[in-house]
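Raw contents of entry_27.txt, compact mmCIF, C-alpha atoms:
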```txt
# COMPACT_ATOMS: atom_id res chain seq x y z
CA MET O 1 -9.88 37.47 16.41
CA ILE O 2 -6.80 39.20 15.01
CA ALA O 3 -4.81 37.96 18.02
CA LYS O 4 -5.81 34.37 17.21
CA ILE O 5 -4.81 34.82 13.58
CA VAL O 6 -1.41 36.23 14.54
CA SER O 7 -0.93 33.39 17.03
CA ALA O 8 -1.64 30.78 14.30
CA ILE O 9 0.66 32.54 11.82
CA GLU O 10 3.51 32.58 14.34
CA LYS O 11 2.93 29.08 15.75
CA TYR O 12 2.84 27.38 12.35
CA ASN O 13 5.30 29.72 10.60
CA MET O 14 2.75 30.49 7.88
CA LEU O 15 4.25 33.63 6.37
CA SER O 16 7.63 34.88 5.22
CA TYR O 17 8.48 38.50 4.47
CA GLY O 18 7.86 39.44 0.83
CA GLN O 19 5.56 36.51 0.05
CA THR O 20 2.46 36.76 -2.08
CA VAL O 21 -0.63 35.44 -0.31
CA ILE O 22 -3.33 34.12 -2.62
CA VAL O 23 -6.59 34.29 -0.67
CA GLY O 24 -9.43 31.99 -1.66
CA LEU O 25 -12.28 34.52 -1.64
CA SER O 26 -15.74 32.98 -2.02
CA GLY O 27 -17.61 36.01 -0.66
CA GLY O 28 -18.81 34.22 2.47
CA ALA O 29 -18.21 35.56 5.98
CA ASP O 30 -15.12 33.41 6.57
CA SER O 31 -13.22 34.40 3.43
CA VAL O 32 -14.25 38.07 3.71
CA ALA O 33 -13.04 38.21 7.33
CA LEU O 34 -9.77 36.46 6.40
CA THR O 35 -9.09 38.82 3.50
CA HIS O 36 -9.87 41.90 5.60
CA ALA O 37 -7.66 40.65 8.45
CA LEU O 38 -4.74 40.00 6.10
CA ILE O 39 -5.12 43.52 4.69
CA SER O 40 -4.64 44.86 8.23
CA LEU O 41 -1.57 42.63 8.71
CA LYS O 42 -0.09 43.34 5.30
CA GLU O 43 2.53 45.85 6.37
CA GLU O 44 3.45 43.96 9.55
CA TYR O 45 4.38 40.84 7.58
CA GLY O 46 5.49 42.56 4.37
CA ILE O 47 3.17 40.51 2.21
CA LYS O 48 1.35 41.10 -1.08
CA LEU O 49 -2.28 40.07 -1.41
CA LEU O 50 -3.99 38.48 -4.39
CA ALA O 51 -7.57 37.21 -4.30
CA ALA O 52 -8.82 34.18 -6.25
CA HIS O 53 -12.47 33.31 -6.86
CA VAL O 54 -14.06 30.32 -8.62
CA ASN O 55 -17.61 30.52 -9.97
CA HIS O 56 -18.64 26.84 -9.86
CA CYS O 57 -21.86 27.46 -11.84
CA ILE O 58 -23.75 25.27 -9.36
CA ARG O 59 -26.28 27.79 -8.02
CA GLY O 60 -27.13 29.75 -11.18
CA GLU O 61 -27.83 33.40 -10.48
CA GLU O 62 -26.61 33.03 -6.89
CA SER O 63 -23.16 31.98 -8.15
CA ASP O 64 -23.08 35.02 -10.44
CA ARG O 65 -24.15 37.19 -7.49
CA ASP O 66 -21.18 35.89 -5.45
CA GLU O 67 -18.74 36.65 -8.26
CA LYS O 68 -20.12 40.19 -8.61
CA PHE O 69 -19.86 40.74 -4.83
CA VAL O 70 -16.24 39.54 -4.74
CA THR O 71 -15.35 41.80 -7.67
CA GLY O 72 -16.81 44.81 -5.85
CA PHE O 73 -15.08 43.90 -2.57
CA CYS O 74 -11.66 43.68 -4.26
CA GLU O 75 -12.19 46.99 -6.07
CA LYS O 76 -13.11 48.66 -2.78
CA TYR O 77 -9.95 47.44 -1.01
CA GLY O 78 -7.60 47.66 -4.00
CA ILE O 79 -6.86 43.94 -4.25
CA THR O 80 -6.00 42.23 -7.53
CA LEU O 81 -8.57 39.54 -8.28
CA LYS O 82 -8.21 36.41 -10.43
CA THR O 83 -11.43 34.61 -11.34
CA LEU O 84 -12.34 31.31 -12.95
CA ARG O 85 -15.75 30.32 -14.27
CA PHE O 86 -16.06 26.53 -14.43
CA ASN O 87 -19.12 24.32 -14.90
CA VAL O 88 -18.62 21.91 -12.00
CA PRO O 89 -21.93 19.99 -12.47
CA GLU O 90 -20.91 19.17 -16.05
CA GLU O 91 -17.39 18.17 -15.03
CA SER O 92 -18.55 15.99 -12.12
CA GLU O 93 -20.84 14.05 -14.47
CA LYS O 94 -17.85 13.29 -16.70
CA THR O 95 -15.49 12.29 -13.88
CA GLY O 96 -17.93 10.54 -11.54
CA GLU O 97 -16.91 12.80 -8.64
CA SER O 98 -19.45 14.41 -6.37
CA GLU O 99 -19.96 18.12 -7.07
CA GLU O 100 -18.28 18.89 -3.74
CA GLU O 101 -15.18 16.80 -4.58
CA CYS O 102 -15.02 18.16 -8.10
CA GLY O 103 -15.39 21.77 -6.95
CA ARG O 104 -12.62 21.34 -4.40
CA ARG O 105 -10.28 19.86 -7.02
CA ILE O 106 -10.99 22.63 -9.51
CA ARG O 107 -10.46 25.32 -6.84
CA TYR O 108 -7.06 24.04 -5.77
CA GLU O 109 -5.94 23.45 -9.35
CA PHE O 110 -6.84 27.08 -10.09
CA PHE O 111 -5.15 28.42 -6.95
CA ASN O 112 -1.97 26.49 -7.75
CA SER O 113 -2.02 27.62 -11.38
CA ILE O 114 -1.60 31.25 -10.29
CA ALA O 115 0.86 30.50 -7.47
CA ASP O 116 4.63 30.54 -7.80
CA GLU O 117 7.48 29.43 -5.55
CA ASN O 118 7.14 32.62 -3.49
CA SER O 119 3.38 32.25 -2.93
CA VAL O 120 1.18 30.66 -0.30
CA ILE O 121 -2.51 29.90 -0.64
CA ALA O 122 -4.66 31.06 2.27
CA THR O 123 -8.01 29.35 2.74
CA ALA O 124 -10.67 30.40 5.24
CA HIS O 125 -11.14 27.10 7.09
CA ASN O 126 -11.98 27.83 10.72
CA PHE O 127 -12.27 25.95 14.00
CA ASN O 128 -15.91 24.99 13.37
CA ASP O 129 -14.84 23.45 10.05
CA SER O 130 -12.26 21.37 11.94
CA VAL O 131 -14.84 20.10 14.41
CA GLU O 132 -17.28 19.27 11.61
CA THR O 133 -14.53 17.43 9.71
CA PHE O 134 -13.68 15.51 12.89
CA PHE O 135 -17.23 14.16 13.05
CA ILE O 136 -17.39 13.49 9.29
CA ASN O 137 -14.19 11.44 9.48
CA LEU O 138 -15.44 9.69 12.62
CA THR O 139 -18.65 8.57 10.89
CA ARG O 140 -16.65 7.17 7.96
CA GLY O 141 -14.12 5.32 10.08
CA THR O 142 -10.70 6.90 10.42
CA GLY O 143 -7.34 6.76 12.13
CA LEU O 144 -5.55 9.23 14.33
CA LYS O 145 -4.64 11.54 11.44
CA GLY O 146 -8.28 11.77 10.36
CA LEU O 147 -9.31 12.71 13.89
CA CYS O 148 -6.72 15.50 13.84
CA SER O 149 -8.99 17.03 11.19
CA ILE O 150 -7.85 20.02 9.10
CA PRO O 151 -4.14 20.87 9.39
CA ALA O 152 -3.23 24.51 9.97
CA LYS O 153 -0.58 24.28 7.26
CA ARG O 154 0.07 21.76 4.52
CA GLY O 155 2.61 22.43 1.82
CA ASN O 156 1.88 25.85 0.34
CA ILE O 157 -1.61 26.00 1.89
CA ILE O 158 -2.13 28.00 5.08
CA ARG O 159 -5.26 28.43 7.23
CA PRO O 160 -4.87 31.50 9.46
CA LEU O 161 -8.47 31.21 10.79
CA ILE O 162 -8.01 27.64 12.01
CA ASN O 163 -8.34 28.61 15.70
CA CYS O 164 -11.22 31.07 15.19
CA THR O 165 -14.82 29.98 15.72
CA ARG O 166 -17.60 30.89 13.35
CA ASP O 167 -19.17 33.11 16.02
CA GLU O 168 -15.91 35.05 16.38
CA ILE O 169 -15.71 35.48 12.60
CA GLU O 170 -19.26 36.79 12.30
CA LEU O 171 -18.63 39.17 15.23
CA TYR O 172 -15.47 40.43 13.47
CA CYS O 173 -17.51 41.13 10.32
CA LYS O 174 -20.12 42.99 12.34
CA GLU O 175 -17.57 45.10 14.26
CA ASN O 176 -15.77 46.05 11.03
CA GLY O 177 -18.91 46.70 8.97
CA LEU O 178 -18.12 43.91 6.53
CA SER O 179 -20.94 42.61 4.36
CA PHE O 180 -20.80 39.11 2.88
CA VAL O 181 -22.93 36.67 0.88
CA THR O 182 -24.53 33.48 2.14
CA ASP O 183 -24.39 30.23 0.21
CA SER O 184 -27.92 28.76 0.19
CA THR O 185 -26.50 25.21 0.09
CA ASN O 186 -25.20 25.76 3.64
CA LEU O 187 -28.80 25.27 4.76
CA ASP O 188 -29.35 22.08 2.76
CA GLU O 189 -29.60 19.14 5.16
CA ASP O 190 -28.81 16.72 2.32
CA TYR O 191 -25.15 17.58 2.84
CA THR O 192 -23.41 15.58 5.59
CA ARG O 193 -21.48 18.60 6.80
CA ASN O 194 -24.67 20.65 7.15
CA LYS O 195 -26.37 17.92 9.15
CA ILE O 196 -23.46 17.93 11.58
CA ARG O 197 -23.36 21.74 11.64
CA HIS O 198 -27.06 22.26 12.28
CA SER O 199 -28.01 19.12 14.23
CA VAL O 200 -25.00 17.51 15.92
CA LEU O 201 -22.91 20.45 17.14
CA PRO O 202 -25.79 22.31 18.83
CA VAL O 203 -26.59 19.13 20.79
CA MET O 204 -22.94 18.71 21.80
CA SER O 205 -22.84 22.34 22.98
CA GLU O 206 -26.05 21.77 24.90
CA ILE O 207 -24.54 18.76 26.66
CA ASN O 208 -21.41 20.75 27.50
CA PRO O 209 -21.35 24.53 26.93
CA SER O 210 -17.52 24.30 26.91
CA PHE O 211 -17.61 21.80 24.04
CA PHE O 212 -15.68 23.94 21.53
CA SER O 213 -12.90 24.90 23.94
CA LEU O 214 -12.58 21.25 24.99
CA MET O 215 -12.36 20.21 21.33
CA GLU O 216 -9.44 22.61 20.97
CA ARG O 217 -7.64 20.71 23.74
CA THR O 218 -8.61 17.40 22.12
CA PHE O 219 -7.11 18.47 18.80
CA GLU O 220 -3.89 19.50 20.53
CA ASN O 221 -3.58 16.08 22.18
CA LEU O 222 -4.38 14.20 18.97
CA GLN O 223 -1.96 16.31 16.93
CA THR O 224 0.82 15.78 19.50
CA ASP O 225 0.42 12.00 19.32
CA GLU O 226 0.13 12.02 15.54
CA GLY O 227 3.26 14.17 15.32
CA TYR O 228 5.22 11.69 17.44
CA LEU O 229 4.18 8.65 15.39
CA SER O 230 4.81 10.47 12.13
CA ALA O 231 8.30 11.42 13.39
CA LEU O 232 9.02 7.72 14.07
CA ALA O 233 7.93 6.88 10.52
CA SER O 234 10.13 9.65 9.11
CA GLY O 235 13.02 8.34 11.22
CA PHE O 236 12.56 4.86 9.74
CA LEU O 237 12.69 6.29 6.22
CA THR O 238 15.78 8.35 7.04
CA LEU O 239 17.50 5.20 8.28
CA TYR O 240 16.42 2.72 5.62
CA LEU O 241 15.14 4.44 2.47
CA ASP O 242 17.56 4.00 -0.41
CA ASP O 243 16.71 4.66 -4.04
CA GLY O 244 12.99 4.56 -3.20
CA LYS O 245 13.19 1.17 -1.47
CA VAL O 246 13.17 -0.05 2.14
CA PRO O 247 13.93 -3.54 3.51
CA ALA O 248 10.61 -5.40 3.65
CA ASP O 249 11.48 -7.40 6.79
CA SER O 250 12.58 -4.26 8.68
CA LEU O 251 9.36 -2.48 7.74
CA PHE O 252 7.17 -5.38 8.87
CA ALA O 253 9.05 -5.51 12.19
CA GLU O 254 7.92 -1.95 13.00
CA PRO O 255 4.82 -1.44 15.22
CA GLU O 256 1.69 -1.37 13.07
CA SER O 257 1.03 2.35 13.70
CA VAL O 258 4.53 3.25 12.45
CA ARG O 259 4.49 0.72 9.61
CA ASN O 260 1.20 2.10 8.29
CA ARG O 261 2.55 5.65 8.32
CA VAL O 262 5.67 4.59 6.42
CA ILE O 263 3.48 2.92 3.79
CA ILE O 264 1.25 5.99 3.53
CA LYS O 265 4.21 8.37 3.25
CA MET O 266 5.94 6.27 0.59
CA CYS O 267 2.72 6.14 -1.44
CA ALA O 268 2.12 9.89 -1.10
CA ASP O 269 5.74 10.81 -1.88
CA SER O 270 5.67 8.72 -5.06
CA SER O 271 2.48 10.51 -6.24
CA ALA O 272 0.43 7.33 -5.82
CA GLY O 273 -1.94 9.14 -3.44
CA ILE O 274 -3.07 8.12 0.03
CA PRO O 275 -3.87 4.37 0.18
CA ASP O 276 -7.10 3.30 1.88
CA ARG O 277 -7.30 0.88 4.79
CA LYS O 278 -7.87 -2.13 2.55
CA HIS O 279 -4.71 -1.47 0.54
CA ILE O 280 -2.63 -0.94 3.69
CA GLU O 281 -3.82 -4.29 5.07
CA LEU O 282 -3.01 -6.05 1.78
CA ILE O 283 0.47 -4.50 1.80
CA SER O 284 1.05 -5.65 5.40
CA ASP O 285 -0.01 -9.18 4.41
CA LEU O 286 2.47 -9.00 1.54
CA LEU O 287 5.27 -7.93 3.89
CA LYS O 288 4.38 -10.69 6.33
CA SER O 289 4.32 -13.48 3.73
CA LYS O 290 7.90 -12.76 2.52
CA LYS O 291 6.93 -14.31 -0.83
CA GLY O 292 6.96 -11.10 -2.80
CA GLY O 293 4.26 -9.75 -5.05
CA ALA O 294 2.38 -6.53 -5.67
CA VAL O 295 -0.75 -4.68 -4.59
CA GLN O 296 -2.41 -2.48 -7.20
CA LEU O 297 -3.06 0.90 -5.55
CA ASN O 298 -4.77 2.51 -8.54
CA TYR O 299 -4.55 2.50 -12.31
CA GLU O 300 -1.02 3.93 -12.32
CA PHE O 301 0.77 2.54 -9.25
CA TYR O 302 1.65 -0.69 -7.47
CA ALA O 303 3.07 -1.34 -3.99
CA VAL O 304 5.72 -4.00 -4.60
CA CYS O 305 7.66 -6.51 -2.48
CA ARG O 306 10.56 -8.02 -4.38
CA ASP O 307 13.85 -9.54 -3.20
CA ASN O 308 13.05 -8.43 0.38
CA PHE O 309 12.57 -4.80 -0.66
CA PHE O 310 9.38 -2.76 -0.51
CA PHE O 311 8.81 0.09 -2.95
CA ILE O 312 6.15 1.92 -4.97
CA GLU O 313 6.30 1.32 -8.70
CA LYS O 314 4.59 3.17 -11.50
CA ARG O 315 2.73 1.00 -13.95
CA LYS O 316 4.72 0.49 -17.11
CA GLU O 317 3.03 0.33 -20.47
CA GLN O 318 2.49 -3.29 -21.36
CA THR O 319 3.74 -4.66 -24.68
CA PRO O 320 0.64 -5.29 -26.82
CA ALA O 321 -0.29 -8.91 -27.46
CA TRP O 322 1.69 -10.37 -30.37
CA GLU O 323 1.99 -13.58 -32.43
CA ILE O 324 4.35 -14.74 -35.20
CA LYS O 325 4.12 -17.97 -37.17
CA LEU O 326 7.41 -19.86 -37.40
CA SER O 327 8.23 -21.41 -40.75
CA SER O 328 11.23 -23.27 -39.31
CA PHE O 329 13.46 -23.56 -36.27
CA ASP O 330 16.50 -22.09 -38.00
CA GLY O 331 18.30 -18.85 -37.15
CA GLU O 332 16.81 -15.71 -35.62
CA THR O 333 13.26 -14.45 -35.23
CA GLU O 334 12.49 -10.81 -34.41
CA THR O 335 9.51 -10.23 -32.10
CA PRO O 336 8.06 -7.25 -30.17
CA SER O 337 9.69 -8.83 -27.11
CA GLY O 338 13.12 -9.04 -28.72
CA LYS O 339 15.21 -11.37 -30.86
CA TYR O 340 15.02 -15.16 -30.37
CA ILE O 341 17.59 -17.64 -31.66
CA PHE O 342 16.74 -21.28 -32.39
CA LYS O 343 19.43 -23.97 -32.62
CA HIS O 344 19.47 -27.68 -33.41
CA LEU O 345 21.44 -29.87 -30.98
CA SER O 346 22.58 -33.44 -31.27
CA GLU O 347 22.62 -35.97 -28.44
CA LYS O 348 26.38 -35.45 -28.17
CA ASP O 349 25.85 -31.69 -27.67
CA LEU O 350 23.83 -32.30 -24.50
CA GLN O 351 26.88 -33.01 -22.34
CA PHE O 352 28.21 -29.51 -23.09
CA VAL O 353 24.94 -27.66 -22.60
CA GLN O 354 24.27 -25.72 -19.42
CA LYS O 355 21.23 -26.74 -17.37
CA ASN O 356 19.44 -23.40 -17.87
CA VAL O 357 19.62 -23.89 -21.66
CA LEU O 358 17.67 -27.13 -21.31
CA GLU O 359 14.84 -25.19 -19.67
CA ASN O 360 14.22 -23.80 -23.18
CA ALA O 361 14.86 -27.05 -25.10
CA PHE O 362 12.32 -29.48 -26.54
CA ASP O 363 11.92 -32.56 -28.73
CA CYS O 364 11.14 -31.22 -32.18
CA ASP O 365 9.70 -34.54 -33.40
CA LYS O 366 6.84 -34.23 -30.89
CA ILE O 367 5.58 -30.92 -32.29
CA SER O 368 2.21 -31.06 -34.03
CA GLY O 369 1.09 -28.80 -36.88
CA SER O 370 1.76 -25.05 -37.11
CA VAL O 371 4.10 -23.43 -34.58
CA PHE O 372 3.75 -19.89 -33.24
CA ILE O 373 5.96 -17.77 -31.02
CA ARG O 374 3.70 -15.34 -29.22
CA SER O 375 2.63 -13.64 -26.01
CA ARG O 376 0.29 -15.28 -23.49
CA LYS O 377 -3.42 -15.67 -24.15
CA ASP O 378 -6.36 -16.02 -21.79
CA GLY O 379 -6.98 -19.69 -21.07
CA ASP O 380 -3.42 -20.84 -21.87
CA THR O 381 -2.39 -23.92 -19.88
CA VAL O 382 0.74 -26.06 -19.73
CA ARG O 383 1.79 -29.32 -18.07
CA PRO O 384 5.34 -28.59 -16.82
CA LYS O 385 7.63 -31.57 -17.33
CA ASN O 386 8.12 -33.95 -14.39
CA ARG O 387 5.61 -32.11 -12.18
CA GLY O 388 2.46 -34.13 -12.84
CA VAL O 389 0.10 -31.12 -12.85
CA THR O 390 -1.51 -28.82 -15.39
CA LYS O 391 -1.29 -25.10 -14.66
CA THR O 392 -2.57 -21.92 -16.21
CA LEU O 393 0.02 -19.48 -17.44
CA LYS O 394 -1.55 -16.89 -15.16
CA LYS O 395 -0.77 -19.02 -12.12
CA LEU O 396 2.77 -19.75 -13.28
CA PHE O 397 3.43 -16.05 -13.82
CA LEU O 398 2.19 -15.35 -10.29
CA GLU O 399 4.42 -18.09 -8.88
CA GLU O 400 7.40 -16.71 -10.79
CA ARG O 401 6.56 -13.18 -9.57
CA ILE O 402 6.50 -11.73 -13.06
CA PRO O 403 4.95 -8.23 -12.93
CA VAL O 404 1.72 -7.82 -14.89
CA GLU O 405 3.22 -5.21 -17.20
CA LYS O 406 6.05 -7.61 -18.21
CA ARG O 407 3.97 -10.71 -18.90
CA ASN O 408 3.49 -10.00 -22.61
CA ASP O 409 7.29 -9.87 -22.93
CA VAL O 410 7.59 -13.56 -22.02
CA ALA O 411 7.74 -15.64 -25.22
CA VAL O 412 5.37 -18.60 -25.51
CA LEU O 413 5.72 -21.40 -28.07
CA SER O 414 2.55 -23.20 -29.14
CA ASP O 415 1.45 -25.73 -31.77
CA ASP O 416 -1.88 -27.26 -32.72
CA ASN O 417 -2.06 -29.00 -29.34
CA GLY O 418 -1.45 -25.87 -27.28
CA VAL O 419 1.41 -24.28 -25.36
CA PHE O 420 4.58 -26.40 -25.16
CA LEU O 421 7.22 -23.93 -23.90
CA ILE O 422 7.23 -20.79 -21.77
CA GLU O 423 10.45 -18.80 -21.96
CA ASN O 424 12.74 -19.49 -18.98
CA ILE O 425 9.88 -21.07 -16.99
CA CYS O 426 9.05 -24.56 -18.28
CA VAL O 427 8.66 -27.06 -21.12
CA ASP O 428 5.47 -29.09 -21.50
CA GLU O 429 5.61 -32.76 -20.53
CA ARG O 430 4.65 -33.89 -24.04
CA VAL O 431 7.75 -32.34 -25.71
CA LYS O 432 10.35 -32.93 -23.00
CA ILE O 433 13.72 -34.40 -23.93
CA THR O 434 14.15 -38.09 -23.15
CA LYS O 435 16.81 -40.75 -23.86
CA ASP O 436 14.99 -41.47 -27.11
CA THR O 437 15.03 -37.87 -28.36
CA LYS O 438 16.83 -37.44 -31.68
CA ASN O 439 15.94 -33.92 -32.74
CA ILE O 440 16.57 -31.25 -30.05
CA ILE O 441 15.75 -27.55 -30.48
CA THR O 442 16.81 -24.78 -28.05
CA MET O 443 15.44 -21.25 -27.90
CA ALA O 444 17.52 -18.39 -26.50
CA LYS O 445 17.02 -14.65 -26.39
CA GLY O 446 19.49 -12.66 -28.46
CA GLU O 447 21.25 -9.45 -27.57
```
Starting from the file, lay out its structure as structure tokens.
Amino acid sequence: MIAKIVSAIEKYNMLSYGQTVIVGLSGGADSVALTHALISLKEEYGIKLLAAHVNHCIRGEESDRDEKFVTGFCEKYGITLKTLRFNVPEESEKTGESEEECGRRIRYEFFNSIADENSVIATAHNFNDSVETFFINLTRGTGLKGLCSIPAKRGNIIRPLINCTRDEIELYCKENGLSFVTDSTNLDEDYTRNKIRHSVLPVMSEINPSFFSLMERTFENLQTDEGYLSALASGFLTLYLDDGKVPADSLFAEPESVRNRVIIKMCADSSAGIPDRKHIELISDLLKSKKGGAVQLNYEFYAVCRDNFFFIEKRKEQTPAWEIKLSSFDGETETPSGKYIFKHLSEKDLQFVQKNVLENAFDCDKISGSVFIRSRKDGDTVRPKNRGVTKTLKKLFLEERIPVEKRNDVAVLSDDNGVFLIENICVDERVKITKDTKNIITMAKGE
């Protein structure tokens, strides 16, 4: 087994001389074998060892037993131990995560909290774990990367046991007189992984006794293909990425397998997380349409197409809804969206007024009742002049490609009969300027 560990360390360049290796030590056979093996390789690689253990408080006394065992193991071998006691069941109820997802998040947050720039985190994932993950991903529907299963190295996380089978690990423990604890949940068939471990894999091995060695070859083939496609995606980004943006038409022209990887990498690199299949399809539709728009990835991030560029944008805080009653159309009015200036124009002034100014001009004599300058409201509608249709403001904002977070910054004028002007977008038919207009008002945004 040691030979396989050394081979993985060398192949994936897992260790550098002088590094601190933080070993995730649960007390199970895998983590005990990994820790013991790294102790034997300590001088060869010039590394320092630090163990980290999380008591998830899921299994009551059994969890406390595991913590006690780990403490004794580290004392015996002279390893510094960092522990965290965290009530995962309580936390998962608050967050809505499964206990398994929550526990994993807490573990890695803890490991990273004690790591520094000269540390790597070693976890005890083995070859059986990879095969189980392969089947889990397969049952959920996945792409090539999901079929590649658990990577040997990702960022500061290394997995030296990734090529070792569970049988080899248990044999190593036996040959070296290593005791370990057993997690009773590993026998619980309610867990998907355990069903695959206890029911699926034995059948596969029965069908073909060489199943595990053949899976090793399968992983190699899958990882080779995934590496090639990922390299093409990285090449695209090297060529086109500028200030976080890539040309939308160039991205859509890429083969789908490359395009999807570019989208995934841009999302991940911007801290938006890995998009699911649905979001990737919506983004591809956006690229294809060439109309621009945005796909909401999660609460914080959007994938955006604008002016033939594709980029990931963090949600900006929206200006709260606002409303101010206008006593007159004279001078300046300060609003949360900025300063607005109202001016009276005569008929003679029209010949000197630029066309864009008239987009924010209206017939003052056609206003009815109280006038407000405000942000949009649900249910607002307007009948844009000369277009013969009534539209909701929501639809107009979509047509004008105004981002959601900026929509409360667009000033709306309304009277007792409803909206009659939307800043820089349109004037309502009922207040439009005609040859009979005598009293013209313009609205412009100040500096």
Quiz item: Restricting the calculation to all atoms listed in the file, which member of O:Leu393, O:Cys364, O:Leu241, O:Val404 is positioned closest to Thr434 (chain O)?
Solution: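 Among the listed residues, the smallest separation from Thr434 (chain O) belongs to O:Cys364.
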Give as a CSV table (one decimal) with C-alpha atoms, keeping the file's coordinate frame every residue, naming chains and numbers as the document does, that has an atom within 10 Å of (-0.5, 23.6, 6.4), counting all atoms listed in the file.
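Generated output (result_9.csv):
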```csv
chain,number,residue,atom,x,y,z
O,12,TYR,CA,2.8,27.4,12.4
O,13,ASN,CA,5.3,29.7,10.6
O,14,MET,CA,2.8,30.5,7.9
O,120,VAL,CA,1.2,30.7,-0.3
O,121,ILE,CA,-2.5,29.9,-0.6
O,122,ALA,CA,-4.7,31.1,2.3
O,150,ILE,CA,-7.8,20.0,9.1
O,151,PRO,CA,-4.1,20.9,9.4
O,152,ALA,CA,-3.2,24.5,10.0
O,153,LYS,CA,-0.6,24.3,7.3
O,154,ARG,CA,0.1,21.8,4.5
O,155,GLY,CA,2.6,22.4,1.8
O,156,ASN,CA,1.9,25.8,0.3
O,157,ILE,CA,-1.6,26.0,1.9
O,158,ILE,CA,-2.1,28.0,5.1
O,159,ARG,CA,-5.3,28.4,7.2
O,160,PRO,CA,-4.9,31.5,9.5
```
Self-check item: Straight-line distance linking CA of Ser271 (chain O) with CA of Gly235 (chain O), stated in Å to one decimal
Solution: 20.5 Å
Quiz item: What gap, in Å, lies between CA of Gly293 (chain O) and CA of Ala248 (chain O)?
Solution: 11.6 Å
Give me the residues near Thr20 (chain O) as a PDB file with C-alpha atoms, in the frame of the given file, where near means some atom within 10 Å (using only C-alpha atoms) and where sequence neighbours in that chain fewer than 6 positions away do not count.
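Once written, around.pdb looks like this:
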```
ATOM      1  CA  GLY O  46       5.490  42.560   4.370  1.00  0.00           C
ATOM      2  CA  ILE O  47       3.170  40.510   2.210  1.00  0.00           C
ATOM      3  CA  LYS O  48       1.350  41.100  -1.080  1.00  0.00           C
ATOM      4  CA  LEU O  49      -2.280  40.070  -1.410  1.00  0.00           C
ATOM      5  CA  LEU O  50      -3.990  38.480  -4.390  1.00  0.00           C
ATOM      6  CA  ALA O 115       0.860  30.500  -7.470  1.00  0.00           C
ATOM      7  CA  ASP O 116       4.630  30.540  -7.800  1.00  0.00           C
ATOM      8  CA  GLU O 117       7.480  29.430  -5.550  1.00  0.00           C
ATOM      9  CA  ASN O 118       7.140  32.620  -3.490  1.00  0.00           C
ATOM     10  CA  SER O 119       3.380  32.250  -2.930  1.00  0.00           C
ATOM     11  CA  VAL O 120       1.180  30.660  -0.300  1.00  0.00           C
ATOM     12  CA  ILE O 121      -2.510  29.900  -0.640  1.00  0.00           C
TER      13      ILE O 121
END
```
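Residue nearest Ser179 (chain O) within the list O:Leu15, O:Val6, O:Leu251, O:Ala29: O:Ala29 [criterion: smallest interatomic distance, only C-alpha atoms].
The shortest atom-to-atom distance to His125 (chain O), with all atoms listed in the file taken into account, belongs to O:Ile162 out of O:Ile162, O:Ile274, O:Leu222, O:Met266.
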Given 4 Å of margin on each side, can you work out the centre and size in Å (one decimal) of an axis-aligned box holding every listed atom of region 52-58 of chain O, as lines of an AutoDock Vina configuration file?
```
center_x = -16.3
center_y = 29.7
center_z = -9.0
size_x = 22.9
size_y = 16.9
size_z = 13.6
```
Quiz item: Looking at all atoms listed in the file, which of O:Ala444, O:Ser375, O:Leu239, O:Thr133 is the one that sits closest to Thr333 (chain O)?
Solution: O:Ala444
